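Source file: query35.cif (mmCIF, C-alpha atoms)
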```
data_start
#
loop_
_atom_site.label_atom_id
_atom_site.label_comp_id
_atom_site.auth_asym_id
_atom_site.auth_seq_id
_atom_site.Cartn_x
_atom_site.Cartn_y
_atom_site.Cartn_z
CA MET A 24 0.00 0.00 0.00
CA ALA A 25 2.79 2.45 0.84
CA GLN A 26 4.49 1.81 -2.50
CA GLY A 27 1.12 2.16 -4.20
CA TYR A 28 0.52 5.55 -2.60
CA LEU A 29 3.89 6.68 -3.93
CA ASN A 30 3.19 5.42 -7.45
CA GLU A 31 -0.36 6.83 -7.50
CA SER A 32 0.71 10.28 -6.27
CA PHE A 33 -1.01 9.92 -2.89
CA ALA A 34 2.23 9.72 -0.88
CA ASP A 35 2.17 13.35 0.25
CA THR A 36 -1.57 13.54 0.97
CA ILE A 37 -2.02 14.46 4.62
CA CYS A 38 -4.22 11.87 6.32
CA TYR A 39 -5.81 11.51 9.73
CA PHE A 40 -6.16 8.05 11.25
CA ASP A 41 -8.05 7.22 14.45
CA VAL A 42 -6.82 4.40 16.68
CA PHE A 43 -9.67 2.97 18.75
CA PHE A 44 -11.24 -0.26 19.98
CA ARG A 45 -14.83 -1.43 19.75
CA ARG A 46 -15.11 -3.68 22.81
CA ALA A 47 -13.13 -4.00 26.04
CA PRO A 48 -11.80 -7.47 26.92
CA ASP A 49 -13.87 -9.70 29.23
CA ASP A 50 -16.91 -7.51 28.49
CA GLY A 51 -15.48 -4.88 30.78
CA ALA A 52 -16.61 -1.27 30.78
CA PHE A 53 -13.10 0.10 30.16
CA ALA A 54 -9.49 -0.73 29.42
CA ILE A 55 -6.04 0.59 30.38
CA PHE A 56 -3.99 2.39 27.70
CA ALA A 57 -0.47 0.94 27.57
CA GLY A 58 2.37 0.78 25.06
CA LEU A 59 2.76 4.48 24.19
CA GLU A 60 6.38 4.77 25.38
CA ASP A 61 7.46 1.90 23.13
CA ILE A 62 5.61 3.40 20.17
CA LEU A 63 7.22 6.82 20.60
CA ASN A 64 10.70 5.34 21.07
CA PHE A 65 10.24 3.28 17.91
CA VAL A 66 8.98 6.17 15.80
CA GLU A 67 11.72 8.53 16.94
CA ASN A 68 14.42 6.07 15.87
CA TRP A 69 12.66 4.54 12.86
CA HIS A 70 14.76 4.05 9.73
CA PHE A 71 15.60 1.51 7.03
CA ASP A 72 19.23 0.38 6.71
CA GLU A 73 21.02 -1.10 3.71
CA SER A 74 20.14 -4.69 4.67
CA ASP A 75 16.47 -3.71 4.82
CA ILE A 76 16.67 -2.10 1.39
CA THR A 77 18.44 -5.13 -0.08
CA PHE A 78 15.83 -7.50 1.36
CA LEU A 79 12.93 -5.43 0.04
CA ARG A 80 14.58 -5.21 -3.40
CA GLN A 81 14.72 -9.01 -3.46
CA LYS A 82 11.00 -9.06 -2.68
CA GLY A 83 10.28 -7.07 -5.82
CA PHE A 84 9.83 -3.51 -4.55
CA GLY A 85 10.72 -0.80 -7.06
CA GLU A 86 13.70 1.54 -6.90
CA LYS A 87 11.52 4.64 -6.55
CA PHE A 88 10.05 3.28 -3.33
CA LEU A 89 13.40 1.96 -2.09
CA ASN A 90 15.00 5.37 -2.59
CA PHE A 91 12.21 6.86 -0.51
CA LEU A 92 12.92 4.36 2.29
CA LYS A 93 16.67 5.11 2.27
CA ASN A 94 15.97 8.59 3.65
CA PHE A 95 12.85 7.72 5.61
CA LYS A 96 12.04 9.57 8.82
CA PHE A 97 8.58 9.85 10.34
CA CYS A 98 7.64 13.55 10.24
CA GLY A 99 3.95 13.34 11.08
CA GLU A 100 2.09 14.25 14.24
CA ILE A 101 0.87 11.81 16.88
CA TYR A 102 -1.86 12.70 19.35
CA ALA A 103 -2.45 10.38 22.29
CA LEU A 104 -3.87 10.03 25.76
CA ASP A 105 -1.42 9.76 28.65
CA GLU A 106 -0.18 6.20 29.03
CA GLY A 107 -2.04 4.54 31.89
CA SER A 108 -5.29 6.33 31.04
CA VAL A 109 -8.63 4.65 31.40
CA ILE A 110 -9.98 4.24 27.86
CA PHE A 111 -13.42 3.43 26.49
CA ALA A 112 -14.79 1.82 23.37
CA ASN A 113 -15.26 3.83 20.14
CA GLU A 114 -13.11 6.73 21.31
CA PRO A 115 -9.79 7.61 19.63
CA VAL A 116 -6.95 6.78 21.99
CA MET A 117 -4.45 7.98 19.38
CA ILE A 118 -4.71 10.09 16.24
CA ILE A 119 -2.04 9.95 13.54
CA LYS A 120 -1.71 12.97 11.26
CA ALA A 121 0.86 12.25 8.58
CA ARG A 122 1.53 11.84 4.90
CA ALA A 123 -0.32 8.78 3.62
CA ILE A 124 2.88 6.86 2.97
CA GLU A 125 4.18 7.43 6.51
CA ALA A 126 0.87 6.73 8.20
CA GLN A 127 0.48 3.46 6.30
CA LEU A 128 3.92 2.19 7.27
CA LEU A 129 3.23 2.87 10.98
CA GLU A 130 -0.04 0.93 11.27
CA THR A 131 1.13 -2.61 12.02
CA PHE A 132 3.79 -1.80 14.62
CA LEU A 133 1.49 0.64 16.39
CA LEU A 134 -1.41 -1.80 16.62
CA CYS A 135 0.81 -4.73 17.60
CA THR A 136 2.31 -2.77 20.48
CA LEU A 137 -0.86 -1.09 21.68
CA ASN A 138 -3.06 -4.17 21.44
CA HIS A 139 -0.68 -6.39 23.40
CA GLN A 140 0.26 -4.05 26.22
CA SER A 141 -3.25 -2.64 26.68
CA LEU A 142 -4.61 -6.19 26.81
CA ILE A 143 -2.19 -7.28 29.55
CA ALA A 144 -2.49 -4.03 31.53
CA THR A 145 -6.28 -4.36 31.48
CA LYS A 146 -6.18 -8.02 32.54
CA ALA A 147 -3.69 -7.22 35.31
CA ASN A 148 -5.91 -4.44 36.59
CA ARG A 149 -8.92 -6.75 36.77
CA ILE A 150 -6.84 -9.23 38.77
CA VAL A 151 -5.43 -6.54 41.07
CA ARG A 152 -8.91 -5.20 41.81
CA ALA A 153 -10.14 -8.71 42.56
CA ALA A 154 -7.31 -9.11 45.08
CA LYS A 155 -8.80 -6.31 47.25
CA GLY A 156 -5.48 -4.79 48.30
CA LYS A 157 -3.56 -8.06 48.57
CA SER A 158 -0.27 -8.20 46.67
CA VAL A 159 -0.33 -9.50 43.09
CA LEU A 160 2.99 -10.68 41.65
CA GLU A 161 3.44 -11.20 37.91
CA PHE A 162 4.83 -14.73 37.42
CA GLY A 163 4.07 -15.26 33.74
CA ALA A 164 7.38 -15.37 31.83
CA ARG A 165 7.45 -19.15 31.37
CA ARG A 166 3.96 -19.21 29.87
CA ALA A 167 4.23 -16.09 27.68
CA HIS A 168 4.06 -16.33 23.90
CA GLY A 169 7.77 -15.68 23.48
CA SER A 170 10.45 -13.60 25.18
CA GLU A 171 9.22 -10.26 23.81
CA ALA A 172 5.70 -10.97 25.06
CA ALA A 173 7.11 -11.91 28.47
CA LEU A 174 9.10 -8.67 28.70
CA LYS A 175 6.46 -6.26 27.41
CA GLY A 176 3.76 -8.19 29.25
CA ALA A 177 5.62 -7.70 32.52
CA ARG A 178 5.83 -3.96 31.82
CA ALA A 179 2.10 -3.80 31.09
CA ALA A 180 1.24 -5.88 34.16
CA MET A 181 3.05 -3.39 36.37
CA ILE A 182 1.11 -0.53 34.76
CA GLY A 183 -2.05 -2.49 35.55
CA GLY A 184 -1.14 -2.58 39.23
CA CYS A 185 1.02 -5.63 39.93
CA LEU A 186 3.44 -5.14 42.82
CA ALA A 187 6.42 -6.95 41.28
CA THR A 188 7.49 -9.24 38.46
CA SER A 189 9.54 -12.44 38.33
CA ASN A 190 11.05 -11.22 35.04
CA THR A 191 14.53 -10.02 35.98
CA LEU A 192 15.17 -8.38 32.62
CA ALA A 193 11.98 -6.34 33.00
CA SER A 194 13.21 -5.24 36.40
CA LYS A 195 16.51 -4.11 34.89
CA LEU A 196 15.04 -2.31 31.87
CA TYR A 197 12.03 -0.69 33.52
CA GLY A 198 13.22 -0.14 37.07
CA VAL A 199 10.40 -2.17 38.57
CA LYS A 200 10.50 -4.44 41.59
CA ALA A 201 11.55 -8.05 41.03
CA SER A 202 10.24 -10.88 43.17
CA GLY A 203 10.54 -14.64 43.00
CA THR A 204 10.59 -17.81 45.05
CA MET A 205 12.06 -21.28 44.82
CA ALA A 206 10.72 -24.04 42.59
CA HIS A 207 9.94 -27.61 43.62
CA SER A 208 13.21 -28.69 42.01
CA TRP A 209 15.15 -26.76 44.67
CA VAL A 210 13.58 -28.89 47.38
CA GLN A 211 14.13 -32.08 45.40
CA MET A 212 17.84 -31.37 44.97
CA PHE A 213 18.47 -31.76 48.71
CA GLU A 214 18.46 -34.85 50.86
CA ASN A 215 15.35 -33.59 52.63
CA GLU A 216 13.01 -30.61 52.74
CA TYR A 217 14.43 -29.23 55.98
CA GLU A 218 17.94 -28.97 54.48
CA ALA A 219 16.54 -27.30 51.36
CA PHE A 220 14.71 -24.67 53.39
CA LYS A 221 17.69 -24.08 55.66
CA ALA A 222 20.00 -23.48 52.71
CA PHE A 223 17.53 -21.06 51.10
CA VAL A 224 16.98 -19.00 54.25
CA LYS A 225 20.73 -18.89 54.85
CA LEU A 226 21.13 -17.50 51.34
CA TYR A 227 18.18 -15.06 51.50
CA PRO A 228 17.53 -14.29 55.19
CA GLU A 229 15.72 -11.01 54.49
CA ASN A 230 13.13 -12.17 51.94
CA ALA A 231 12.83 -15.95 51.96
CA THR A 232 9.63 -17.46 50.59
CA LEU A 233 9.52 -21.22 51.09
CA LEU A 234 7.50 -23.50 48.79
CA ILE A 235 5.93 -26.00 51.17
CA ASP A 236 3.94 -28.39 48.95
CA THR A 237 6.65 -30.41 47.17
CA TYR A 238 5.76 -33.49 49.24
CA ASP A 239 3.17 -32.73 51.90
CA CYS A 240 1.93 -29.22 52.60
CA PHE A 241 1.72 -29.55 56.39
CA PHE A 242 5.01 -31.39 56.83
CA GLY A 243 6.45 -28.65 54.66
CA LEU A 244 4.89 -26.01 56.88
CA GLU A 245 6.46 -27.53 59.99
CA ASN A 246 9.87 -27.60 58.30
CA ALA A 247 9.44 -23.96 57.30
CA ILE A 248 8.49 -23.01 60.86
CA ARG A 249 11.51 -24.87 62.22
CA VAL A 250 13.89 -23.05 59.88
CA PHE A 251 12.31 -19.64 60.45
CA LYS A 252 12.64 -20.13 64.21
CA GLU A 253 16.26 -21.29 63.97
CA PHE A 254 17.25 -18.26 61.91
CA GLY A 255 15.06 -15.78 63.77
CA VAL A 256 13.05 -14.93 60.65
CA GLU A 257 9.74 -13.35 61.62
CA ASN A 258 8.63 -11.81 58.30
CA GLY A 259 9.27 -14.61 55.83
CA ALA A 260 6.62 -16.24 53.67
CA VAL A 261 5.38 -19.65 52.65
CA ARG A 262 3.94 -20.48 49.24
CA VAL A 263 1.40 -23.09 48.20
CA ASP A 264 1.07 -24.04 44.53
CA SER A 265 -1.55 -26.80 44.58
CA GLY A 266 -4.60 -28.20 46.32
CA ASP A 267 -7.48 -26.48 48.07
CA LEU A 268 -5.88 -23.06 48.35
CA CYS A 269 -8.68 -21.64 50.48
CA GLY A 270 -8.77 -24.44 53.05
CA LEU A 271 -5.00 -24.77 53.14
CA SER A 272 -4.47 -21.05 53.65
CA ILE A 273 -6.83 -20.99 56.63
CA ARG A 274 -5.06 -23.88 58.35
CA ILE A 275 -1.60 -22.49 57.52
CA ARG A 276 -2.48 -19.07 58.91
CA GLN A 277 -3.82 -20.62 62.10
CA ARG A 278 -0.65 -22.66 62.60
CA LEU A 279 1.69 -19.74 61.89
CA ASP A 280 -0.18 -17.61 64.43
CA GLU A 281 -0.03 -20.40 67.01
CA VAL A 282 3.78 -20.48 66.86
CA GLY A 283 4.13 -16.71 66.98
CA LEU A 284 4.89 -16.12 63.28
CA LYS A 285 2.09 -13.60 62.86
CA GLU A 286 4.08 -11.57 60.33
CA CYS A 287 4.84 -14.57 58.13
CA LYS A 288 2.89 -14.23 54.88
CA VAL A 289 0.92 -16.85 52.98
CA ILE A 290 1.42 -16.69 49.19
CA VAL A 291 -0.50 -18.84 46.71
CA SER A 292 -0.14 -19.59 43.00
CA ASN A 293 -1.54 -22.18 40.54
CA SER A 294 -3.33 -20.88 37.42
CA LEU A 295 -4.98 -17.95 39.19
CA ASP A 296 -7.03 -15.16 37.64
CA GLU A 297 -9.54 -12.55 38.81
CA LYS A 298 -12.38 -15.05 39.12
CA SER A 299 -10.49 -17.59 41.21
CA ILE A 300 -8.99 -14.86 43.40
CA GLU A 301 -12.40 -13.31 43.97
CA ALA A 302 -13.80 -16.73 44.94
CA LEU A 303 -10.93 -17.44 47.34
CA LEU A 304 -11.37 -14.19 49.22
CA LYS A 305 -15.16 -14.50 49.24
CA ASN A 306 -14.79 -17.91 50.90
CA GLY A 307 -12.57 -16.57 53.67
CA ALA A 308 -9.10 -17.53 52.43
CA LYS A 309 -6.24 -16.21 54.57
CA ILE A 310 -3.93 -15.15 51.78
CA ASP A 311 -1.50 -12.23 51.72
CA GLY A 312 -0.39 -12.39 48.11
CA PHE A 313 -1.03 -14.03 44.76
CA GLY A 314 1.52 -15.19 42.22
CA VAL A 315 -0.33 -14.92 38.91
CA GLY A 316 1.23 -16.31 35.76
CA GLU A 317 -0.26 -17.94 32.69
CA ARG A 318 -3.74 -16.45 32.85
CA LEU A 319 -2.34 -12.94 33.24
CA ILE A 320 0.49 -12.99 30.69
CA THR A 321 -1.74 -14.61 28.03
CA ALA A 322 -4.99 -12.90 29.11
CA SER A 323 -6.49 -16.34 28.65
CA SER A 324 -10.11 -15.43 29.39
CA ASP A 325 -10.19 -13.01 26.44
CA ALA A 326 -6.91 -12.91 24.60
CA ILE A 327 -7.66 -10.27 21.95
CA PHE A 328 -7.56 -6.51 22.25
CA SER A 329 -8.95 -5.23 18.99
CA CYS A 330 -7.67 -1.70 18.46
CA VAL A 331 -8.07 -0.68 14.83
CA TYR A 332 -6.54 2.03 12.63
CA LYS A 333 -9.07 3.84 10.46
CA LEU A 334 -8.84 6.76 8.05
CA VAL A 335 -11.16 9.58 9.19
CA ALA A 336 -10.00 12.60 7.16
CA VAL A 337 -7.63 13.84 4.45
CA GLU A 338 -6.38 17.31 3.60
CA ASN A 339 -7.22 18.87 0.24
CA GLU A 340 -5.56 22.22 -0.47
CA GLY A 341 -5.31 22.86 3.26
CA GLU A 342 -8.90 21.92 4.05
CA VAL A 343 -9.60 18.94 6.31
CA CYS A 344 -12.11 16.73 4.50
CA PRO A 345 -13.89 14.08 6.61
CA LYS A 346 -13.96 10.41 5.56
CA ILE A 347 -16.20 7.62 6.83
CA LYS A 348 -16.20 3.83 6.63
CA ILE A 349 -19.69 2.34 6.24
CA SER A 350 -20.42 -1.32 6.91
CA GLN A 351 -23.34 -3.73 6.91
CA ASP A 352 -22.22 -4.34 10.49
CA ALA A 353 -23.41 -1.08 12.04
CA TYR A 354 -20.90 -1.25 14.90
CA LYS A 355 -18.06 -1.08 12.34
CA MET A 356 -19.07 2.35 11.04
CA THR A 357 -16.42 4.92 11.89
CA THR A 358 -16.84 8.43 13.30
CA PRO A 359 -15.46 10.82 10.67
CA HIS A 360 -13.21 13.88 10.86
CA PHE A 361 -10.25 15.12 12.85
CA LYS A 362 -11.55 15.30 16.42
CA ARG A 363 -10.85 16.36 20.00
CA LEU A 364 -11.71 14.20 23.00
CA PHE A 365 -12.66 15.56 26.42
CA ARG A 366 -13.47 13.93 29.75
CA ILE A 367 -16.08 15.68 31.86
CA TYR A 368 -15.58 15.65 35.62
CA GLU A 369 -17.60 16.63 38.64
CA GLY A 370 -14.97 17.07 41.30
CA LYS A 371 -12.66 14.07 40.87
CA LYS A 372 -15.30 11.78 39.36
CA ALA A 373 -15.44 11.18 35.61
CA LEU A 374 -19.02 11.54 34.35
CA TYR A 375 -18.79 11.05 30.59
CA ASP A 376 -16.58 11.71 27.55
CA GLU A 377 -17.24 14.17 24.78
CA LEU A 378 -16.06 13.92 21.15
CA VAL A 379 -16.08 17.07 18.99
CA ILE A 380 -14.86 18.23 15.59
CA TYR A 381 -11.39 19.74 15.94
CA ASP A 382 -12.36 23.36 15.16
CA GLU A 383 -15.89 23.61 16.55
CA LYS A 384 -16.82 25.86 19.45
CA LEU A 385 -17.36 23.98 22.72
CA GLU A 386 -20.66 24.21 24.52
CA THR A 387 -20.61 25.85 27.95
CA LEU A 388 -20.75 23.41 30.85
CA PRO A 389 -22.62 23.92 34.14
CA SER A 390 -20.41 25.54 36.79
CA ASN A 391 -20.04 22.31 38.78
CA LEU A 392 -18.45 20.46 35.83
CA ARG A 393 -15.06 20.76 34.17
CA ARG A 394 -13.51 19.54 30.92
CA GLU A 395 -10.15 17.86 30.57
CA GLU A 396 -8.72 17.47 27.07
CA LEU A 397 -7.38 13.95 26.63
CA LEU A 398 -5.65 13.83 23.25
CA LYS A 399 -2.37 15.73 23.35
CA CYS A 400 0.28 16.12 20.65
CA VAL A 401 3.08 13.81 21.76
CA PHE A 402 5.17 13.66 18.57
CA LYS A 403 5.87 16.31 15.94
CA GLU A 404 8.60 17.18 13.41
CA GLY A 405 10.54 14.00 14.12
CA LYS A 406 10.67 14.37 17.90
CA ARG A 407 8.63 13.29 20.88
CA LEU A 408 7.10 16.18 22.83
CA CYS A 409 6.37 14.41 26.13
CA LYS A 410 8.97 13.32 28.65
CA ASP A 411 9.88 9.67 29.05
CA LYS A 412 7.90 8.36 32.03
CA SER A 413 8.91 5.49 34.28
CA VAL A 414 6.67 2.45 34.62
CA GLU A 415 6.15 3.41 38.26
CA GLU A 416 4.88 6.88 37.26
CA ILE A 417 2.53 5.39 34.68
CA ALA A 418 1.23 2.81 37.18
CA THR A 419 0.57 5.52 39.76
CA PHE A 420 -1.36 7.52 37.18
CA ALA A 421 -3.38 4.45 36.16
CA LYS A 422 -4.33 3.84 39.78
CA ALA A 423 -5.60 7.42 40.10
CA GLN A 424 -7.56 6.98 36.87
CA ILE A 425 -9.36 3.95 38.29
CA LEU A 426 -10.29 5.93 41.41
CA SER A 427 -11.99 8.53 39.21
CA LEU A 428 -14.54 5.99 37.93
CA ASP A 429 -18.02 5.26 39.17
CA GLU A 430 -17.93 2.00 41.15
CA ASP A 431 -20.57 0.46 38.88
CA LEU A 432 -18.10 0.69 36.00
CA LEU A 433 -15.61 -1.49 37.85
CA ASP A 434 -17.80 -4.58 37.64
CA SER A 435 -19.38 -3.66 34.29
CA LYS A 436 -22.83 -3.01 35.75
CA LYS A 437 -22.90 0.29 33.93
CA ALA A 438 -21.76 1.53 30.51
CA TYR A 439 -19.71 4.72 30.28
CA GLU A 440 -21.29 7.39 28.11
CA LEU A 441 -19.64 8.91 25.07
CA LYS A 442 -21.40 12.04 23.78
CA LEU A 443 -20.86 13.23 20.23
CA SER A 444 -21.31 16.95 19.68
CA SER A 445 -24.39 17.90 17.67
CA SER A 446 -22.16 18.94 14.74
CA LEU A 447 -20.36 15.61 14.75
CA LYS A 448 -23.63 13.68 14.95
CA LYS A 449 -25.03 15.56 11.97
CA LEU A 450 -21.86 15.00 9.96
CA LYS A 451 -21.85 11.26 10.70
CA GLU A 452 -25.50 10.92 9.71
CA LYS A 453 -24.94 12.88 6.52
CA LEU A 454 -21.92 10.89 5.39
CA SER A 455 -23.46 7.56 6.30
CA GLN A 456 -26.27 8.20 3.80
CA ILE A 457 -23.97 8.75 0.84
#
```

Structure encoded using structure tokens:
Amino acid sequence: MAQGYLNESFADTICYFDVFFRRAPDDGAFAIFAGLEDILNFVENWHFDESDITFLRQKGFGEKFLNFLKNFKFCGEIYALDEGSVIFANEPVMIIKARAIEAQLLETFLLCTLNHQSLIATKANRIVRAAKGKSVLEFGARRAHGSEAALKGARAAMIGGCLATSNTLASKLYGVKASGTMAHSWVQMFENEYEAFKAFVKLYPENATLLIDTYDCFFGLENAIRVFKEFGVENGAVRVDSGDLCGLSIRIRQRLDEVGLKECKVIVSNSLDEKSIEALLKNGAKIDGFGVGERLITASSDAIFSCVYKLVAVENEGEVCPKIKISQDAYKMTTPHFKRLFRIYEGKKALYDELVIYDEKLETLPSNLRREELLKCVFKEGKRLCKDKSVEEIATFAKAQILSLDEDLLDSKKAYELKLSSSLKKLKEKLSQI
């Protein structure tokens, strides 16, 4: 398509593309916007080297297009919400304003990055909210769909609210907390469980978590207690990875309290997700933290985040001309034109979002309400315009975003309202009848 635009004299046509999704995963009312930092870093450094040009020449691309790629640099504009924002269906979370040839080349990388990280951040947030303040640790690297998915998934999980990750490389690259425990193989390597625990606590006296169900959970618990007492460890932890996690946690907590280890934590794992965590806590489980792996890193309950990239306007002699996509599936019809997106607040609570044509006059709000513009220019003239944020900063912002929502939105009992301005409604109706 990019080569075609060049050959058909569309390459320099300024286009506007909306990036949006039609449905939140797990039938949720909202999602978490993640992946922006990676997109901006990619675009700022985007180029084609000689090996790329040689490969594409072998694939049959013409010299006119290859010469264009030799000097390629993205010079368009990118508008986006802050990473970590709460996002809703059918609203642009990003807008790309660029020459047609540049905008087309960006589509796949942008969607790949945004769809994956937003999916995992959203899943992580659902799990974290189900945990009701208990720690959630991201343990998914060994079940991820490849090393890149493990790394970027860990980043997204932290944005979604996880306390730490078992992915050491993610900890190094993103400055997030790393956390891990022993595996059953550690226990099996030693002559007996007691010796295995003793060696581990000797090695990590400040943060030892002992896996107690390699052989028998309650024999393992007694060995853990013995070692903790011998080394004077009061704030260690035990982990259970199988069985009736609710019943086991209650008995483990009771026993730890009996022997004076009231600060010792009970951690559980074993194919957990928001539904199983919610059920455990509802049934009275005595659990301090959850190690969540495969169902987080693969978002197994709903593993697709369907952001799309749709043309909504082009420039003709300096005038922005709206475009619309019409479909027999009504939900696939796009909202035309270059637009601005606002969130309307009463105090700190988000009430609804408002989508308007870029140059129309805004209606006056009642005095108790305020507007916040969401889409900001974050890339222009080859450079990013927003500072590089740490994962911790983004996660803190995401947490504040969740607090701004009506509680009914958190369990999908209520749909969030998007209001189109009267001018935008009329335009959409007019174009849809063509």

*Quick one: everything within 12 Å of A:Lys422, counting only C-alpha atoms, minus sequence neighbours fewer than 2 positions away in the same chain. Send it as a ChimeraX atom specification.*
/A:55,106-109,144-145,147-149,151-152,181-185,415-420,424-428

_Close residues, stretch 300-316 of chain A itself excluded, 7 Å, all atoms listed in the file, min 5 positions apart in chain, as a list of chain:residue names_ = A:Ala153, A:Ala154, A:Lys157, A:Ser158, A:Val159, A:Leu160, A:Glu161, A:Phe162, A:Gly163, A:Cys269, A:Gly270, A:Ser272, A:Ile273, A:Arg276, A:Lys288, A:Val289, A:Ile290, A:Val291, A:Ser292, A:Ser294, A:Leu295

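Compared by their closest atoms to A:Cys98, and using all atoms listed in the file, the residues A:Phe241, A:Tyr439, A:Phe402, A:Phe254 rank with A:Phe402 nearest.
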
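The coordinates place atom CA of A:Thr237 at 21.4 Å from atom CA of A:Glu253.
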
*For A:Asp267, which residue among A:Cys240, A:Ala353, A:Ala187, A:Val66 is the nearest when counting all atoms listed in the file?*
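Looking at the shortest contact to A:Asp267, the residue is A:Cys240.
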
_Here is a test: counting only C-alpha atoms, which residue of A:Leu433, A:Ile320, A:Ala167, A:Leu29 is nearest to A:Leu89?_
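Of the candidates, the smallest distance to A:Leu89 is held by A:Leu29.
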
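Once A:Leu385 and its same-chain neighbours fewer than 5 positions away are set aside, A:Arg363, A:Leu364, A:Phe365, A:Glu377, A:Leu378, A:Val379, A:Ile380, A:Arg394, A:Glu396, A:Leu443, A:Ser444, A:Ser445, A:Ser446, A:Leu447 remain within 12 Å of it when counting all atoms listed in the file.
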
*How far is it from atom CA of A:Ala260 to atom CA of A:Lys200, in Å with one decimal?*
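Pair atom CA of A:Ala260 / atom CA of A:Lys200 returns 17.3 Å.
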
*Once the PyMOL selection byres ((chain A and resi 400) around 7) has been applied to the shown file, what residues remain in the selection, as a count of residues only?*
8

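Atom CA of A:Glu257 lies 14.6 Å from atom CA of A:Glu245.
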
*Can you turn the PyMOL selection byres ((chain A and resi 178) around 10) into a concrete residue list for this file, as a ChimeraX atom specification?*
/A:57-58,140,143-144,161,172-177,179-183,185,187-188,190,193-194,196-199,414-415,418

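Of the listed residues A:Asn30, A:Gln351, A:Leu284, A:Glu60, the one whose atoms come nearest to A:Glu86 is A:Asn30, with distances taken using only C-alpha atoms.
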
*Which protein, DNA or RNA residues have an atom at most 12 Å from (15.9, -3.5, 4.4), counting all atoms listed in the file? List them as a ChimeraX atom specification.*
/A:70-82,84,88-90,92-93,95

*If you apply the PyMOL selection byres ((chain A and resi 64) around 12) to this file, what residues do you get, as a list of chain:residue names?*
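Going through the file, the PyMOL selection byres ((chain A and resi 64) around 12) ends up selecting A:Gly58, A:Leu59, A:Glu60, A:Asp61, A:Ile62, A:Leu63, A:Phe65, A:Val66, A:Glu67, A:Asn68, A:Trp69, A:Phe97, A:Phe132, A:Leu133, A:Thr136, A:Val401, A:Phe402, A:Gly405, A:Lys406, A:Arg407, A:Leu408, A:Cys409, A:Lys410, A:Asp411, A:Lys412.
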
*asked:* Using all atoms listed in the file, list the residues that have an atom at most 9 Å from (2.8, 11.5, 7.5), coordinates as in the file, as an MDAnalysis selection string.
replied: chainID A and resid 34:39 97:100 119:127
